[in-house]
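Q: Below is a structure I'd like to ask you about.
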Amino acid sequence: MSKFGNTREAIQTALAHAYLGNTNTANFMDYGCPIDKSSGNASYIMATAVQMAKIRAAISAQKEKIANSLIYNYGPDVQAFNKQAKQSILASTVTSEVFGTKKGTKMGNRLYAIAWLAVEDFRIGLILNKEMPVSSYLELIGYSGSQWARDYEPRRREALMALKCYDSDGVANVSVVVKEIRESEKL
């Protein structure tokens, strides 16, 4: 098995490696990534840096919404990656693409809020395999909840499905590069 694990782990490791400046492998534990226990061999370290750069290049080559989704979902949870900005960008994308609206009207603002929270909900689902409670959505949009199932639950599901598609497309595209790296390791 590759030092990168599955494709999602490879994406996470490559993004953490970029944040840490390609040098501080011991701190990977802080970001949920494996510690590289190499002997300090300079050529091994350089080869690993090149492999991780290839993965990051594959992420950057995606459509903007897909790249933003991968960086948001798998990047280190630190301010330097500006998670809130990525969350807002993804929410705006979902609001316009999926719901066909923008912020500004009462309904547009509610749909944006649903998309905004769905972005984090999807990320939490990847990490913990759980969904946020509906009460979080109700509180955010200022809705009583009496007609949630009819008025907004389908919208929440649409937003989560769009985010799942972004993630699946991105991971599938990056997996081609990860597979190439694994094949080159066998040589």
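Scheme for the structure tokens: letters A, B, ... for chains in order shown; per-chain residue numbers from 1; ligand numbers from 1 in order shown.
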Looking only at helix (DSSP H, G or I) from DSSP on the backbone, list the matching residues of chain A as a PyMOL selection string.
A: chain A and resi 7-19+25-31+42-60+64-74+79-81+83-97+106-128+134-141+148-151+153-186
Q: Please list as a PDB file with C-alpha atoms, in the first residue's frame every residue within 10 Å of Glu158 in chain A, counting only C-alpha atoms and excluding residues in the same chain fewer than 3 positions away.
A:
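Output file out.pdb follows:
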```pdb
ATOM      1  CA  VAL A  94     -24.657  25.811  -4.768  1.00  0.00           C
ATOM      2  CA  VAL A  98     -28.723  24.213  -7.650  1.00  0.00           C
ATOM      3  CA  PHE A  99     -31.356  26.660  -6.471  1.00  0.00           C
ATOM      4  CA  ALA A 115     -26.312  25.891   1.218  1.00  0.00           C
ATOM      5  CA  ALA A 118     -24.839  22.134   3.948  1.00  0.00           C
ATOM      6  CA  TYR A 152     -36.745  23.284   2.890  1.00  0.00           C
ATOM      7  CA  GLU A 153     -35.734  19.657   3.521  1.00  0.00           C
ATOM      8  CA  PRO A 154     -35.750  18.894  -0.223  1.00  0.00           C
ATOM      9  CA  ARG A 155     -33.497  21.930  -0.749  1.00  0.00           C
ATOM     10  CA  MET A 161     -26.256  15.950  -3.324  1.00  0.00           C
ATOM     11  CA  ALA A 162     -24.521  18.703  -5.324  1.00  0.00           C
ATOM     12  CA  LEU A 163     -21.671  18.749  -2.811  1.00  0.00           C
ATOM     13  CA  LYS A 164     -21.427  14.965  -3.004  1.00  0.00           C
TER      14      LYS A 164
END
```
Q: Within 12 Å of Glu131 in chain A, counting only C-alpha atoms, which residues show up once you throw out same-chain ones fewer than 3 positions away? Write them as a PyMOL selection string, please.
A: chain A and resi 117-128+134-137+156-157+160
Q: For the residues in that selection, give me N, CA and C atoms as a PDB file, in the first residue's frame.
A:
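Everything below was put into again20.pdb:
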```pdb
ATOM      1  N   LEU A 117     -24.676  26.080   5.336  1.00  0.00           N
ATOM      2  CA  LEU A 117     -24.584  25.068   6.379  1.00  0.00           C
ATOM      3  C   LEU A 117     -24.413  23.667   5.783  1.00  0.00           C
ATOM      4  N   ALA A 118     -24.993  23.436   4.605  1.00  0.00           N
ATOM      5  CA  ALA A 118     -24.839  22.134   3.948  1.00  0.00           C
ATOM      6  C   ALA A 118     -23.379  21.869   3.600  1.00  0.00           C
ATOM      7  N   VAL A 119     -22.627  22.921   3.265  1.00  0.00           N
ATOM      8  CA  VAL A 119     -21.209  22.759   2.962  1.00  0.00           C
ATOM      9  C   VAL A 119     -20.489  22.176   4.177  1.00  0.00           C
ATOM     10  N   GLU A 120     -20.738  22.734   5.344  1.00  0.00           N
ATOM     11  CA  GLU A 120     -20.115  22.208   6.565  1.00  0.00           C
ATOM     12  C   GLU A 120     -20.712  20.859   6.953  1.00  0.00           C
ATOM     13  N   ASP A 121     -22.002  20.696   6.734  1.00  0.00           N
ATOM     14  CA  ASP A 121     -22.673  19.435   7.029  1.00  0.00           C
ATOM     15  C   ASP A 121     -22.033  18.302   6.218  1.00  0.00           C
ATOM     16  N   PHE A 122     -21.773  18.554   4.944  1.00  0.00           N
ATOM     17  CA  PHE A 122     -21.153  17.531   4.101  1.00  0.00           C
ATOM     18  C   PHE A 122     -19.753  17.200   4.604  1.00  0.00           C
ATOM     19  N   ARG A 123     -18.990  18.226   4.966  1.00  0.00           N
ATOM     20  CA  ARG A 123     -17.629  18.017   5.469  1.00  0.00           C
ATOM     21  C   ARG A 123     -17.649  17.182   6.757  1.00  0.00           C
ATOM     22  N   ILE A 124     -18.561  17.509   7.649  1.00  0.00           N
ATOM     23  CA  ILE A 124     -18.689  16.743   8.891  1.00  0.00           C
ATOM     24  C   ILE A 124     -19.087  15.302   8.575  1.00  0.00           C
ATOM     25  N   GLY A 125     -19.945  15.136   7.577  1.00  0.00           N
ATOM     26  CA  GLY A 125     -20.339  13.795   7.168  1.00  0.00           C
ATOM     27  C   GLY A 125     -19.161  12.964   6.689  1.00  0.00           C
ATOM     28  N   LEU A 126     -18.242  13.608   5.973  1.00  0.00           N
ATOM     29  CA  LEU A 126     -17.043  12.895   5.525  1.00  0.00           C
ATOM     30  C   LEU A 126     -16.177  12.473   6.701  1.00  0.00           C
ATOM     31  N   ILE A 127     -16.055  13.354   7.683  1.00  0.00           N
ATOM     32  CA  ILE A 127     -15.167  13.103   8.815  1.00  0.00           C
ATOM     33  C   ILE A 127     -15.801  12.144   9.828  1.00  0.00           C
ATOM     34  N   LEU A 128     -17.046  12.421  10.210  1.00  0.00           N
ATOM     35  CA  LEU A 128     -17.685  11.672  11.292  1.00  0.00           C
ATOM     36  C   LEU A 128     -18.781  10.711  10.839  1.00  0.00           C
ATOM     37  N   VAL A 134     -31.371  18.904  12.059  1.00  0.00           N
ATOM     38  CA  VAL A 134     -32.222  19.862  11.352  1.00  0.00           C
ATOM     39  C   VAL A 134     -32.356  21.146  12.155  1.00  0.00           C
ATOM     40  N   SER A 135     -32.304  21.044  13.469  1.00  0.00           N
ATOM     41  CA  SER A 135     -32.440  22.245  14.306  1.00  0.00           C
ATOM     42  C   SER A 135     -31.359  23.283  13.997  1.00  0.00           C
ATOM     43  N   SER A 136     -30.182  22.834  13.571  1.00  0.00           N
ATOM     44  CA  SER A 136     -29.126  23.779  13.184  1.00  0.00           C
ATOM     45  C   SER A 136     -29.543  24.584  11.970  1.00  0.00           C
ATOM     46  N   TYR A 137     -30.174  23.925  11.016  1.00  0.00           N
ATOM     47  CA  TYR A 137     -30.663  24.608   9.823  1.00  0.00           C
ATOM     48  C   TYR A 137     -31.798  25.561  10.178  1.00  0.00           C
ATOM     49  N   ARG A 156     -32.278  21.164   1.203  1.00  0.00           N
ATOM     50  CA  ARG A 156     -31.083  20.722   1.923  1.00  0.00           C
ATOM     51  C   ARG A 156     -30.504  19.485   1.255  1.00  0.00           C
ATOM     52  N   ARG A 157     -31.370  18.544   0.892  1.00  0.00           N
ATOM     53  CA  ARG A 157     -30.929  17.309   0.227  1.00  0.00           C
ATOM     54  C   ARG A 157     -30.294  17.621  -1.137  1.00  0.00           C
ATOM     55  N   LEU A 160     -26.802  19.005  -0.473  1.00  0.00           N
ATOM     56  CA  LEU A 160     -25.891  17.930  -0.083  1.00  0.00           C
ATOM     57  C   LEU A 160     -25.542  17.029  -1.269  1.00  0.00           C
TER      58      LEU A 160
END
```
Q: Fewer than 3 positions away in the same chain doesn't count, so skip those; otherwise give me all residues within 12 Å of Thr93 in chain A, counting only C-alpha atoms, as a list in words.
A: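 With the cut-off at 12 Å, the set is Lys63, Glu64, Lys65, Ile66, Asn68, Ser69, Lys86, Gln87, Ser88, Ile89, Leu90, Ser96, Glu97, Val98, Phe99, Gly100, Thr101, Lys102, Lys103, Leu111, Tyr112, Ala115, Trp116, Val119, Ala159, Ala162, Leu163 and Tyr166 of chain A.
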Q: Could the residues in this selection be saved with C-alpha atoms as a PDB file, in the first residue's frame?
A:
```pdb
ATOM      1  CA  LYS A  63     -13.175  23.118 -12.147  1.00  0.00           C
ATOM      2  CA  GLU A  64     -13.077  25.880  -9.548  1.00  0.00           C
ATOM      3  CA  LYS A  65     -16.091  24.591  -7.606  1.00  0.00           C
ATOM      4  CA  ILE A  66     -14.603  21.095  -7.434  1.00  0.00           C
ATOM      5  CA  ASN A  68     -12.699  24.558  -3.744  1.00  0.00           C
ATOM      6  CA  SER A  69     -14.716  21.611  -2.489  1.00  0.00           C
ATOM      7  CA  LYS A  86     -14.146  28.689   0.805  1.00  0.00           C
ATOM      8  CA  GLN A  87     -17.389  27.814   2.595  1.00  0.00           C
ATOM      9  CA  SER A  88     -19.002  31.045   1.377  1.00  0.00           C
ATOM     10  CA  ILE A  89     -17.788  30.505  -2.191  1.00  0.00           C
ATOM     11  CA  LEU A  90     -19.140  26.942  -2.236  1.00  0.00           C
ATOM     12  CA  SER A  96     -26.866  29.774  -7.895  1.00  0.00           C
ATOM     13  CA  GLU A  97     -26.343  26.392  -9.627  1.00  0.00           C
ATOM     14  CA  VAL A  98     -28.723  24.213  -7.650  1.00  0.00           C
ATOM     15  CA  PHE A  99     -31.356  26.660  -6.471  1.00  0.00           C
ATOM     16  CA  GLY A 100     -31.099  29.109  -9.369  1.00  0.00           C
ATOM     17  CA  THR A 101     -31.118  32.126  -7.099  1.00  0.00           C
ATOM     18  CA  LYS A 102     -28.804  34.547  -5.322  1.00  0.00           C
ATOM     19  CA  LYS A 103     -28.795  36.256  -1.969  1.00  0.00           C
ATOM     20  CA  LEU A 111     -31.467  29.153   0.458  1.00  0.00           C
ATOM     21  CA  TYR A 112     -27.956  30.589   0.735  1.00  0.00           C
ATOM     22  CA  ALA A 115     -26.312  25.891   1.218  1.00  0.00           C
ATOM     23  CA  TRP A 116     -23.779  27.500   3.578  1.00  0.00           C
ATOM     24  CA  VAL A 119     -21.209  22.759   2.962  1.00  0.00           C
ATOM     25  CA  ALA A 159     -27.444  20.995  -1.721  1.00  0.00           C
ATOM     26  CA  ALA A 162     -24.521  18.703  -5.324  1.00  0.00           C
ATOM     27  CA  LEU A 163     -21.671  18.749  -2.811  1.00  0.00           C
ATOM     28  CA  TYR A 166     -18.392  17.842  -6.548  1.00  0.00           C
TER      29      TYR A 166
END
```
Q: Which is closest to Ala61 in chain A among A:Ala16, A:Ile181, A:Val174, A:Met132, if we use only C-alpha atoms?
A: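 Of A:Ala16, A:Ile181, A:Val174, A:Met132, the one nearest Ala61 in chain A is A:Val174, counting only C-alpha atoms.
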Q: Taking only C-alpha atoms into account, which of A:Met107, A:Ala85, A:Leu138, A:Leu70 comes nearest Cys165 in chain A?
A: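 Of A:Met107, A:Ala85, A:Leu138, A:Leu70, the one nearest Cys165 in chain A is A:Leu70, counting only C-alpha atoms.
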Q: Just to confirm, what's the straight-line distance from CA of Arg56 in chain A to CA of Ile114 in chain A in Å (one decimal)?
A: 29.4 Å
Q: What does the distance from CA of Ala57 in chain A to CA of Ala18 in chain A come to in Å, to one decimal?
A: 11.2 Å
Q: Expressed in Å to a single decimal, how great is the separation between CA of Pro76 in chain A and CA of Lys179 in chain A?
A: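 Interatomic distance, CA of Pro76 in chain A to CA of Lys179 in chain A: 23.0 Å.
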